[in-house]
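This is input.cif. It holds mmCIF, C-alpha atoms.
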```cif
data_structure
#
loop_
_atom_site.group_PDB
_atom_site.id
_atom_site.type_symbol
_atom_site.label_atom_id
_atom_site.label_comp_id
_atom_site.auth_asym_id
_atom_site.auth_seq_id
_atom_site.Cartn_x
_atom_site.Cartn_y
_atom_site.Cartn_z
ATOM 1 C CA MET A 1 38.435 -39.816 4.418
ATOM 2 C CA ILE A 2 37.366 -43.444 4.670
ATOM 3 C CA THR A 3 39.172 -45.847 6.984
ATOM 4 C CA VAL A 4 39.290 -49.441 5.787
ATOM 5 C CA TYR A 5 39.926 -52.141 8.359
ATOM 6 C CA GLY A 6 41.155 -55.142 6.419
ATOM 7 C CA TYR A 7 43.510 -58.079 6.129
ATOM 8 C CA SER A 8 45.601 -57.607 2.996
ATOM 9 C CA SER A 9 45.676 -61.306 2.048
ATOM 10 C CA SER A 10 41.872 -61.479 2.082
ATOM 11 C CA GLY A 11 40.097 -61.258 -1.247
ATOM 12 C CA ASN A 12 37.061 -59.754 0.429
ATOM 13 C CA CYS A 13 39.251 -56.947 1.736
ATOM 14 C CA HIS A 14 41.201 -56.507 -1.471
ATOM 15 C CA LYS A 15 37.946 -55.779 -3.324
ATOM 16 C CA LEU A 16 37.766 -52.471 -1.456
ATOM 17 C CA ARG A 17 41.416 -51.569 -1.997
ATOM 18 C CA LEU A 18 41.008 -52.200 -5.731
ATOM 19 C CA LEU A 19 37.801 -50.203 -6.138
ATOM 20 C CA LEU A 20 38.977 -47.267 -4.026
ATOM 21 C CA THR A 21 42.245 -47.132 -5.961
ATOM 22 C CA GLN A 22 40.454 -47.242 -9.299
ATOM 23 C CA LEU A 23 38.041 -44.558 -8.134
ATOM 24 C CA GLU A 24 41.107 -42.489 -7.143
ATOM 25 C CA ARG A 25 39.495 -41.995 -3.765
ATOM 26 C CA GLU A 26 41.673 -41.267 -0.750
ATOM 27 C CA PHE A 27 41.465 -43.798 2.065
ATOM 28 C CA LYS A 28 43.321 -44.989 5.143
ATOM 29 C CA TRP A 29 44.091 -48.682 5.488
ATOM 30 C CA VAL A 30 44.297 -50.276 8.952
ATOM 31 C CA GLU A 31 45.743 -53.786 8.819
ATOM 32 C CA VAL A 32 43.712 -56.193 10.955
ATOM 33 C CA ASP A 33 45.010 -59.769 11.095
ATOM 34 C CA SER A 34 41.776 -61.670 11.396
ATOM 35 C CA THR A 35 43.695 -64.975 11.437
ATOM 36 C CA ALA A 36 45.407 -63.912 14.680
ATOM 37 C CA GLY A 37 42.225 -62.901 16.510
ATOM 38 C CA ALA A 38 42.455 -59.166 15.845
ATOM 39 C CA THR A 39 38.770 -59.002 14.931
ATOM 40 C CA ARG A 40 37.725 -60.527 18.258
ATOM 41 C CA THR A 41 39.048 -57.811 20.547
ATOM 42 C CA PRO A 42 36.536 -55.800 22.592
ATOM 43 C CA GLU A 43 37.503 -52.652 20.675
ATOM 44 C CA TYR A 44 36.873 -54.218 17.278
ATOM 45 C CA LEU A 45 33.678 -55.992 18.340
ATOM 46 C CA ALA A 46 32.329 -52.680 19.632
ATOM 47 C CA LYS A 47 32.433 -51.454 16.043
ATOM 48 C CA ASN A 48 31.525 -54.713 14.314
ATOM 49 C CA PRO A 49 29.863 -57.300 16.554
ATOM 50 C CA ASN A 50 30.130 -59.865 13.742
ATOM 51 C CA GLY A 51 33.898 -59.785 14.213
ATOM 52 C CA LYS A 52 34.956 -59.902 10.573
ATOM 53 C CA VAL A 53 36.854 -57.907 7.975
ATOM 54 C CA PRO A 54 36.485 -55.825 5.936
ATOM 55 C CA MET A 55 34.864 -52.927 7.732
ATOM 56 C CA ILE A 56 34.872 -49.259 6.822
ATOM 57 C CA GLU A 57 34.437 -46.253 9.051
ATOM 58 C CA THR A 58 33.595 -42.759 7.848
ATOM 59 C CA ASP A 59 34.890 -39.559 9.406
ATOM 60 C CA ASP A 60 31.559 -39.064 11.151
ATOM 61 C CA GLY A 61 31.760 -42.505 12.774
ATOM 62 C CA ARG A 62 29.421 -44.487 10.547
ATOM 63 C CA ILE A 63 30.303 -48.155 10.141
ATOM 64 C CA LEU A 64 29.622 -50.376 7.139
ATOM 65 C CA THR A 65 30.445 -54.071 6.882
ATOM 66 C CA GLU A 66 30.151 -56.885 4.313
ATOM 67 C CA SER A 67 32.445 -56.459 1.331
ATOM 68 C CA ASN A 68 29.855 -56.459 -1.437
ATOM 69 C CA ALA A 69 27.566 -54.042 0.398
ATOM 70 C CA ILE A 70 30.551 -51.725 0.752
ATOM 71 C CA LEU A 71 31.288 -52.048 -2.969
ATOM 72 C CA CYS A 72 27.735 -50.944 -3.778
ATOM 73 C CA TRP A 73 27.965 -47.927 -1.493
ATOM 74 C CA LEU A 74 31.355 -46.848 -2.806
ATOM 75 C CA ALA A 75 30.315 -47.304 -6.440
ATOM 76 C CA GLU A 76 26.999 -45.458 -6.178
ATOM 77 C CA GLY A 77 26.864 -42.722 -8.782
ATOM 78 C CA THR A 78 29.960 -43.964 -10.623
ATOM 79 C CA PRO A 79 30.422 -45.990 -13.827
ATOM 80 C CA PHE A 80 31.325 -49.007 -11.685
ATOM 81 C CA TRP A 81 27.623 -49.538 -10.885
ATOM 82 C CA ALA A 82 25.653 -47.842 -13.615
ATOM 83 C CA GLY A 83 22.681 -48.636 -15.830
ATOM 84 C CA ASP A 84 18.951 -48.980 -15.356
ATOM 85 C CA ALA A 85 17.292 -50.886 -12.530
ATOM 86 C CA PHE A 86 17.446 -54.210 -14.364
ATOM 87 C CA VAL A 87 21.162 -53.912 -15.160
ATOM 88 C CA ARG A 88 21.927 -52.936 -11.568
ATOM 89 C CA ALA A 89 19.890 -55.897 -10.329
ATOM 90 C CA GLN A 90 21.906 -58.183 -12.597
ATOM 91 C CA VAL A 91 25.027 -56.826 -10.923
ATOM 92 C CA LEU A 92 23.516 -57.634 -7.545
ATOM 93 C CA SER A 93 22.745 -61.163 -8.717
ATOM 94 C CA TRP A 94 26.449 -61.719 -9.429
ATOM 95 C CA LEU A 95 27.378 -60.245 -6.038
ATOM 96 C CA PHE A 96 25.022 -62.713 -4.355
ATOM 97 C CA PHE A 97 26.424 -65.531 -6.512
ATOM 98 C CA GLU A 98 29.934 -64.619 -5.413
ATOM 99 C CA GLN A 99 29.050 -64.785 -1.727
ATOM 100 C CA TYR A 100 26.837 -67.882 -1.812
ATOM 101 C CA SER A 101 28.144 -70.074 -4.667
ATOM 102 C CA HIS A 102 31.757 -68.996 -5.195
ATOM 103 C CA GLU A 103 33.496 -67.568 -2.121
ATOM 104 C CA PRO A 104 32.455 -70.379 0.300
ATOM 105 C CA TYR A 105 34.354 -72.876 -1.862
ATOM 106 C CA VAL A 106 37.074 -71.083 -3.837
ATOM 107 C CA ALA A 107 38.146 -68.831 -0.978
ATOM 108 C CA VAL A 108 37.753 -71.434 1.760
ATOM 109 C CA ALA A 109 39.871 -73.981 -0.120
ATOM 110 C CA ARG A 110 42.626 -71.352 -0.367
ATOM 111 C CA PHE A 111 42.323 -70.559 3.342
ATOM 112 C CA ILE A 112 42.513 -74.193 4.381
ATOM 113 C CA ARG A 113 45.594 -74.851 2.222
ATOM 114 C CA GLY A 114 47.462 -71.754 3.366
ATOM 115 C CA TRP A 115 46.236 -70.844 6.826
ATOM 116 C CA THR A 116 45.697 -74.208 8.529
ATOM 117 C CA GLN A 117 48.341 -76.641 9.712
ATOM 118 C CA LEU A 118 49.232 -79.571 7.488
ATOM 119 C CA ASP A 119 47.583 -82.016 9.887
ATOM 120 C CA SER A 120 44.352 -80.016 10.176
ATOM 121 C CA PRO A 121 41.228 -82.192 9.852
ATOM 122 C CA ARG A 122 39.716 -79.400 7.756
ATOM 123 C CA ARG A 123 41.928 -80.493 4.862
ATOM 124 C CA ALA A 124 39.678 -83.517 4.376
ATOM 125 C CA SER A 125 37.045 -81.146 2.977
ATOM 126 C CA LEU A 126 39.250 -79.934 0.103
ATOM 127 C CA PRO A 127 37.939 -82.373 -2.552
ATOM 128 C CA GLN A 128 34.336 -81.369 -1.884
ATOM 129 C CA LEU A 129 35.225 -77.678 -1.810
ATOM 130 C CA ARG A 130 36.962 -78.007 -5.176
ATOM 131 C CA GLU A 131 34.001 -79.827 -6.663
ATOM 132 C CA ARG A 132 31.647 -77.030 -5.648
ATOM 133 C CA GLY A 133 34.153 -74.331 -6.573
ATOM 134 C CA ASN A 134 34.587 -75.800 -10.032
ATOM 135 C CA GLN A 135 30.823 -75.675 -10.462
ATOM 136 C CA ALA A 136 30.910 -71.939 -9.752
ATOM 137 C CA LEU A 137 33.819 -71.437 -12.126
ATOM 138 C CA ALA A 138 31.882 -73.328 -14.804
ATOM 139 C CA VAL A 139 28.961 -70.898 -14.397
ATOM 140 C CA MET A 140 31.374 -68.006 -14.853
ATOM 141 C CA GLU A 141 32.945 -69.678 -17.879
ATOM 142 C CA GLN A 142 29.571 -70.086 -19.536
ATOM 143 C CA HIS A 143 28.715 -66.409 -19.014
ATOM 144 C CA LEU A 144 32.088 -65.231 -20.277
ATOM 145 C CA LYS A 145 31.810 -67.179 -23.517
ATOM 146 C CA SER A 146 29.392 -64.508 -24.717
ATOM 147 C CA HIS A 147 30.141 -61.528 -22.436
ATOM 148 C CA GLU A 148 33.310 -59.588 -21.655
ATOM 149 C CA TRP A 149 32.205 -58.560 -18.162
ATOM 150 C CA PHE A 150 29.881 -59.501 -15.326
ATOM 151 C CA ASN A 151 28.880 -55.885 -14.803
ATOM 152 C CA GLY A 152 26.876 -55.484 -18.002
ATOM 153 C CA ASP A 153 28.656 -53.888 -20.940
ATOM 154 C CA ALA A 154 31.582 -52.516 -18.928
ATOM 155 C CA TYR A 155 33.893 -53.444 -16.063
ATOM 156 C CA GLY A 156 32.530 -52.745 -12.606
ATOM 157 C CA ILE A 157 31.873 -54.010 -9.104
ATOM 158 C CA ALA A 158 30.553 -57.431 -10.148
ATOM 159 C CA ASP A 159 33.880 -58.050 -11.847
ATOM 160 C CA ILE A 160 35.818 -56.769 -8.838
ATOM 161 C CA ALA A 161 33.850 -59.023 -6.491
ATOM 162 C CA LEU A 162 34.393 -62.145 -8.582
ATOM 163 C CA PHE A 163 37.982 -61.338 -9.514
ATOM 164 C CA ALA A 164 39.322 -61.162 -5.955
ATOM 165 C CA TYR A 165 39.335 -64.883 -5.182
ATOM 166 C CA THR A 166 39.186 -66.213 -8.756
ATOM 167 C CA ALA A 167 42.566 -64.629 -9.524
ATOM 168 C CA VAL A 168 44.154 -66.664 -6.712
ATOM 169 C CA ALA A 169 42.040 -69.796 -7.159
ATOM 170 C CA ASP A 170 45.169 -71.790 -7.997
ATOM 171 C CA GLU A 171 46.240 -71.294 -4.372
ATOM 172 C CA GLY A 172 43.197 -73.322 -3.395
ATOM 173 C CA GLY A 173 44.150 -76.086 -5.793
ATOM 174 C CA PHE A 174 41.916 -75.075 -8.704
ATOM 175 C CA ASP A 175 43.146 -75.570 -12.268
ATOM 176 C CA LEU A 176 42.009 -72.522 -14.223
ATOM 177 C CA SER A 177 43.309 -73.952 -17.493
ATOM 178 C CA ALA A 178 39.963 -75.737 -17.670
ATOM 179 C CA PHE A 179 38.284 -72.311 -17.876
ATOM 180 C CA PRO A 180 39.914 -70.360 -20.734
ATOM 181 C CA SER A 181 37.239 -67.652 -20.829
ATOM 182 C CA VAL A 182 37.750 -67.046 -17.106
ATOM 183 C CA GLN A 183 41.504 -66.796 -17.662
ATOM 184 C CA ALA A 184 41.009 -64.245 -20.450
ATOM 185 C CA TRP A 185 38.671 -62.215 -18.231
ATOM 186 C CA ILE A 186 41.240 -62.218 -15.410
ATOM 187 C CA GLU A 187 43.746 -60.699 -17.803
ATOM 188 C CA ARG A 188 41.209 -58.061 -18.912
ATOM 189 C CA VAL A 189 40.667 -57.062 -15.292
ATOM 190 C CA ARG A 190 44.424 -56.787 -14.758
ATOM 191 C CA GLN A 191 44.612 -54.381 -17.698
ATOM 192 C CA THR A 192 41.991 -51.973 -16.303
ATOM 193 C CA PRO A 193 43.228 -48.485 -15.323
ATOM 194 C CA ARG A 194 44.868 -48.190 -11.883
ATOM 195 C CA PHE A 195 44.619 -51.917 -11.240
ATOM 196 C CA VAL A 196 46.391 -53.142 -8.101
ATOM 197 C CA ALA A 197 47.113 -56.776 -7.336
ATOM 198 C CA MET A 198 46.450 -58.394 -3.991
ATOM 199 C CA PRO A 199 49.567 -58.371 -1.786
ATOM 200 C CA ALA A 200 51.284 -61.719 -1.328
ATOM 201 C CA PRO A 201 50.348 -63.691 1.800
ATOM 202 C CA PRO A 202 52.791 -64.030 4.694
ATOM 203 C CA VAL A 203 55.879 -66.187 4.061
ATOM 204 C CA GLU A 204 54.669 -69.068 6.235
ATOM 205 C CA VAL A 205 51.394 -69.142 4.307
ATOM 206 C CA LEU A 206 53.204 -69.127 0.974
ATOM 207 C CA SER A 207 55.299 -72.090 2.120
ATOM 208 C CA ARG A 208 52.180 -74.125 2.867
ATOM 209 C CA LEU A 209 50.525 -73.102 -0.394
ATOM 210 C CA ALA A 210 53.551 -74.442 -2.277
ATOM 211 C CA LEU A 211 53.086 -77.922 -0.825
ATOM 212 C CA PRO A 212 50.799 -80.629 -2.230
ATOM 213 C CA ASP A 213 47.680 -81.381 -0.219
#
```

Could you rewrite the structure in this file as C-alpha coordinates?
Amino acid sequence: MITVYGYSSSGNCHKLRLLLTQLEREFKWVEVDSTAGATRTPEYLAKNPNGKVPMIETDDGRILTESNAILCWLAEGTPFWAGDAFVRAQVLSWLFFEQYSHEPYVAVARFIRGWTQLDSPRRASLPQLRERGNQALAVMEQHLKSHEWFNGDAYGIADIALFAYTAVADEGGFDLSAFPSVQAWIERVRQTPRFVAMPAPPVEVLSRLALPD
(Lines of atoms letter the chains of each structure in order from A and count residues from 1; the text may use other names and numbers.)
(Lines give C-alpha, C1' and ligand atoms only; values in the text may rest on other atoms or scores of the structure.)
Protein backbone atom coordinates (compact mmCIF):
# COMPACT_ATOMS: atom_id res chain seq x y z
CA MET A 1 0.00 0.00 0.00
CA ILE A 2 1.25 3.46 -0.92
CA THR A 3 0.11 6.51 1.03
CA VAL A 4 -0.12 9.71 -1.00
CA TYR A 5 -0.05 13.00 0.87
CA GLY A 6 -1.56 15.55 -1.47
CA TYR A 7 -3.80 18.54 -2.01
CA SER A 8 -6.56 17.53 -4.41
CA SER A 9 -6.69 20.89 -6.24
CA SER A 10 -2.98 20.69 -7.04
CA GLY A 11 -2.01 19.50 -10.50
CA ASN A 12 1.26 18.16 -9.16
CA CYS A 13 -0.69 15.98 -6.75
CA HIS A 14 -3.33 14.97 -9.26
CA LYS A 15 -0.61 13.50 -11.50
CA LEU A 16 -0.15 10.74 -8.93
CA ARG A 17 -3.87 10.09 -8.45
CA LEU A 18 -4.29 9.76 -12.22
CA LEU A 19 -1.34 7.43 -12.76
CA LEU A 20 -2.13 5.21 -9.77
CA THR A 21 -5.75 4.94 -10.88
CA GLN A 22 -4.76 4.06 -14.43
CA LEU A 23 -2.26 1.52 -13.14
CA GLU A 24 -5.10 0.06 -11.04
CA ARG A 25 -2.79 0.24 -8.06
CA GLU A 26 -4.26 0.47 -4.57
CA PHE A 27 -3.32 3.57 -2.61
CA LYS A 28 -4.38 5.64 0.38
CA TRP A 29 -4.89 9.37 -0.08
CA VAL A 30 -4.25 11.76 2.82
CA GLU A 31 -5.54 15.26 2.10
CA VAL A 32 -2.98 17.90 3.07
CA ASP A 33 -4.06 21.52 2.56
CA SER A 34 -0.77 23.11 1.68
CA THR A 35 -2.49 26.50 1.27
CA ALA A 36 -3.47 26.42 4.96
CA GLY A 37 0.00 25.57 6.29
CA ALA A 38 -0.53 21.83 6.66
CA THR A 39 2.85 21.09 5.07
CA ARG A 40 4.68 23.27 7.61
CA THR A 41 3.80 21.32 10.74
CA PRO A 42 6.62 19.63 12.66
CA GLU A 43 5.12 16.22 11.86
CA TYR A 44 5.03 16.85 8.12
CA LEU A 45 8.45 18.51 8.00
CA ALA A 46 9.92 15.49 9.79
CA LYS A 47 8.95 13.46 6.74
CA ASN A 48 9.58 16.10 4.08
CA PRO A 49 11.81 18.98 5.19
CA ASN A 50 11.02 20.80 1.93
CA GLY A 51 7.46 21.20 3.18
CA LYS A 52 5.61 20.54 -0.07
CA VAL A 53 3.09 18.17 -1.61
CA PRO A 54 2.90 15.64 -3.08
CA MET A 55 4.77 13.11 -0.98
CA ILE A 56 4.40 9.35 -0.89
CA GLU A 57 5.21 6.94 1.89
CA THR A 58 5.61 3.20 1.47
CA ASP A 59 4.57 0.61 4.03
CA ASP A 60 8.18 0.23 5.11
CA GLY A 61 8.50 3.96 5.81
CA ARG A 62 10.35 5.11 2.71
CA ILE A 63 9.55 8.64 1.57
CA LEU A 64 9.63 10.00 -1.98
CA THR A 65 8.92 13.58 -2.99
CA GLU A 66 8.75 15.65 -6.20
CA SER A 67 5.82 14.75 -8.43
CA ASN A 68 7.72 13.83 -11.58
CA ALA A 69 10.26 11.72 -9.71
CA ILE A 70 7.34 9.85 -8.16
CA LEU A 71 5.79 9.34 -11.60
CA CYS A 72 9.02 7.73 -12.82
CA TRP A 73 9.19 5.39 -9.84
CA LEU A 74 5.55 4.36 -10.10
CA ALA A 75 5.76 3.83 -13.86
CA GLU A 76 8.97 1.79 -13.83
CA GLY A 77 8.40 -1.50 -15.62
CA THR A 78 5.02 -0.44 -17.03
CA PRO A 79 3.93 0.79 -20.47
CA PHE A 80 3.66 4.31 -19.04
CA TRP A 81 7.46 4.65 -19.19
CA ALA A 82 8.69 2.17 -21.74
CA GLY A 83 11.12 2.11 -24.66
CA ASP A 84 14.87 2.20 -25.07
CA ALA A 85 17.20 4.56 -23.24
CA PHE A 86 16.77 7.34 -25.79
CA VAL A 87 12.97 7.22 -25.69
CA ARG A 88 12.99 7.22 -21.89
CA ALA A 89 15.38 10.18 -21.91
CA GLN A 90 13.00 12.03 -24.21
CA VAL A 91 10.28 11.43 -21.64
CA LEU A 92 12.55 12.88 -18.97
CA SER A 93 13.18 15.93 -21.14
CA TRP A 94 9.44 16.65 -21.18
CA LEU A 95 9.24 16.14 -17.41
CA PHE A 96 12.02 18.70 -16.95
CA PHE A 97 10.28 21.03 -19.41
CA GLU A 98 7.08 20.76 -17.41
CA GLN A 99 8.78 21.72 -14.16
CA TYR A 100 11.04 24.48 -15.49
CA SER A 101 9.21 26.03 -18.48
CA HIS A 102 5.53 25.22 -17.95
CA GLU A 103 4.48 24.75 -14.32
CA PRO A 104 6.15 27.94 -12.97
CA TYR A 105 3.92 30.02 -15.25
CA VAL A 106 0.75 28.07 -16.09
CA ALA A 107 0.26 26.69 -12.59
CA VAL A 108 1.37 29.83 -10.76
CA ALA A 109 -1.01 32.04 -12.74
CA ARG A 110 -3.85 29.71 -11.73
CA PHE A 111 -2.75 29.81 -8.09
CA ILE A 112 -2.55 33.59 -8.00
CA ARG A 113 -6.01 34.00 -9.56
CA GLY A 114 -7.70 31.47 -7.30
CA TRP A 115 -5.76 31.30 -4.05
CA THR A 116 -4.71 34.91 -3.42
CA GLN A 117 -6.92 37.80 -2.38
CA LEU A 118 -8.17 40.18 -5.04
CA ASP A 119 -5.92 42.96 -3.75
CA SER A 120 -2.79 40.78 -3.64
CA PRO A 121 0.27 42.50 -5.15
CA ARG A 122 1.15 39.16 -6.73
CA ARG A 123 -1.61 39.73 -9.28
CA ALA A 124 0.59 42.31 -10.98
CA SER A 125 2.74 39.43 -12.24
CA LEU A 126 -0.11 37.78 -14.19
CA PRO A 127 0.67 39.37 -17.59
CA GLN A 128 4.28 38.21 -17.45
CA LEU A 129 3.28 34.75 -16.25
CA ARG A 130 0.84 34.43 -19.15
CA GLU A 131 3.47 35.54 -21.64
CA ARG A 132 5.87 32.85 -20.46
CA GLY A 133 3.11 30.27 -20.11
CA ASN A 134 1.97 30.90 -23.67
CA GLN A 135 5.53 30.31 -24.82
CA ALA A 136 5.45 26.88 -23.18
CA LEU A 137 2.06 26.10 -24.68
CA ALA A 138 3.42 27.10 -28.10
CA VAL A 139 6.25 24.57 -27.70
CA MET A 140 3.68 21.90 -26.89
CA GLU A 141 1.54 22.94 -29.84
CA GLN A 142 4.46 22.60 -32.22
CA HIS A 143 5.26 19.09 -30.96
CA LEU A 144 1.64 17.98 -31.15
CA LYS A 145 1.26 19.05 -34.76
CA SER A 146 3.23 15.95 -35.71
CA HIS A 147 2.90 13.69 -32.64
CA GLU A 148 -0.09 12.32 -30.75
CA TRP A 149 1.73 12.06 -27.42
CA PHE A 150 4.67 13.42 -25.46
CA ASN A 151 5.62 9.96 -24.25
CA GLY A 152 6.83 8.61 -27.59
CA ASP A 153 4.36 6.53 -29.58
CA ALA A 154 1.91 5.98 -26.72
CA TYR A 155 0.35 7.79 -23.77
CA GLY A 156 2.43 7.81 -20.61
CA ILE A 157 3.92 9.81 -17.77
CA ALA A 158 5.11 12.74 -19.91
CA ASP A 159 1.51 13.25 -20.98
CA ILE A 160 0.25 12.92 -17.40
CA ALA A 161 2.79 15.48 -16.18
CA LEU A 162 1.92 18.04 -18.84
CA PHE A 163 -1.82 17.38 -18.76
CA ALA A 164 -2.33 18.20 -15.08
CA TYR A 165 -2.01 21.98 -15.30
CA THR A 166 -2.62 22.39 -19.04
CA ALA A 167 -6.15 21.01 -18.66
CA VAL A 168 -6.97 23.80 -16.20
CA ALA A 169 -4.89 26.51 -17.86
CA ASP A 170 -8.04 28.54 -18.51
CA GLU A 171 -8.28 29.04 -14.74
CA GLY A 172 -5.01 30.94 -14.97
CA GLY A 173 -6.37 33.12 -17.74
CA PHE A 174 -4.90 31.23 -20.70
CA ASP A 175 -6.88 30.97 -23.93
CA LEU A 176 -6.34 27.44 -25.23
CA SER A 177 -8.29 28.16 -28.41
CA ALA A 178 -5.00 29.52 -29.74
CA PHE A 179 -3.55 26.00 -29.40
CA PRO A 180 -5.86 23.58 -31.26
CA SER A 181 -3.39 20.68 -31.21
CA VAL A 182 -3.07 21.05 -27.44
CA GLN A 183 -6.86 21.04 -27.12
CA ALA A 184 -7.12 17.85 -29.20
CA TRP A 185 -4.43 16.20 -27.07
CA ILE A 186 -6.29 17.13 -23.87
CA GLU A 187 -9.33 15.33 -25.22
CA ARG A 188 -7.22 12.27 -26.12
CA VAL A 189 -5.92 12.12 -22.56
CA ARG A 190 -9.46 12.35 -21.20
CA GLN A 191 -10.41 9.34 -23.32
CA THR A 192 -7.64 7.10 -21.93
CA PRO A 193 -8.77 4.08 -19.86
CA ARG A 194 -9.60 4.79 -16.19
CA PHE A 195 -9.06 8.52 -16.59
CA VAL A 196 -10.02 10.63 -13.57
CA ALA A 197 -10.40 14.39 -13.63
CA MET A 198 -8.93 16.69 -11.03
CA PRO A 199 -11.47 17.51 -8.29
CA ALA A 200 -12.90 21.02 -8.36
CA PRO A 201 -11.20 23.58 -6.11
CA PRO A 202 -12.91 24.84 -2.95
CA VAL A 203 -15.96 27.07 -3.46
CA GLU A 204 -14.18 30.26 -2.40
CA VAL A 205 -11.42 29.55 -4.92
CA LEU A 206 -13.94 28.91 -7.69
CA SER A 207 -15.60 32.25 -6.93
CA ARG A 208 -12.31 34.09 -7.39
CA LEU A 209 -11.48 32.16 -10.55
CA ALA A 210 -14.79 33.29 -12.04
CA LEU A 211 -13.87 36.96 -11.66
CA PRO A 212 -11.85 39.01 -14.16
CA ASP A 213 -8.32 39.92 -13.10

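Distances here use only C-alpha atoms; by that measure, the residue among A:Met198, A:Arg113, A:Arg132, A:Gly37 closest to His14 of chain A is A:Met198.
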
For the PyMOL selection byres ((chain A and resi 26) around 12), applied here, can you spell out every residue it catches as a VMD selection string?
chain A and resid 1 to 4 16 to 17 19 to 25 27 to 29 58 74

Axis-aligned box over every listed atom of segment 110-124 of chain A, padded by 3 Å per side: centre and edges in Å to one decimal, as JSON?
```
{"center_x": 44.5, "center_y": -77.0, "center_z": 4.9, "size_x": 15.6, "size_y": 19.0, "size_z": 16.5}
```

Name the closest residue to Pro127 of chain A among the candidates A:Tyr100, A:Ala167, A:Gly172, A:Leu144; distances are taken between atoms, counting only C-alpha atoms.
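Of the candidates, the smallest distance to Pro127 of chain A is held by A:Gly172.
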
What does the distance between atom CA of Gln135 of chain A and atom CA of Ala109 of chain A come to in Å, to one decimal place?
13.8 Å

Using all atoms listed in the file, determine which residues lie at most 12 Å from Ala178 of chain A, disregarding the query and same-chain residues fewer than 6 positions distant; provide the list as a PDB file with C-alpha atoms, keeping the file's coordinate frame.
```pdb
ATOM      1  CA  ASN A 134      34.587 -75.800 -10.032  1.00  0.00           C
ATOM      2  CA  GLN A 135      30.823 -75.675 -10.462  1.00  0.00           C
ATOM      3  CA  LEU A 137      33.819 -71.437 -12.126  1.00  0.00           C
ATOM      4  CA  ALA A 138      31.882 -73.328 -14.804  1.00  0.00           C
ATOM      5  CA  MET A 140      31.374 -68.006 -14.853  1.00  0.00           C
ATOM      6  CA  GLU A 141      32.945 -69.678 -17.879  1.00  0.00           C
ATOM      7  CA  GLN A 142      29.571 -70.086 -19.536  1.00  0.00           C
ATOM      8  CA  ASP A 170      45.169 -71.790  -7.997  1.00  0.00           C
ATOM      9  CA  ALA A 184      41.009 -64.245 -20.450  1.00  0.00           C
TER      10      ALA A 184
END
```

At what distance in Å, to one decimal, does atom CA of Tyr155 of chain A lie from atom CA of Pro199 of chain A?
21.8 Å

Exactly which residues make up the result of the PyMOL selection byres ((chain A and resi 62) around 12) on this file, given as a list of chain:residue names?
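For this structure, the PyMOL selection byres ((chain A and resi 62) around 12) captures A:Met1, A:Ile2, A:Thr3, A:Lys47, A:Asn48, A:Met55, A:Ile56, A:Glu57, A:Thr58, A:Asp59, A:Asp60, A:Gly61, A:Ile63, A:Leu64, A:Thr65.
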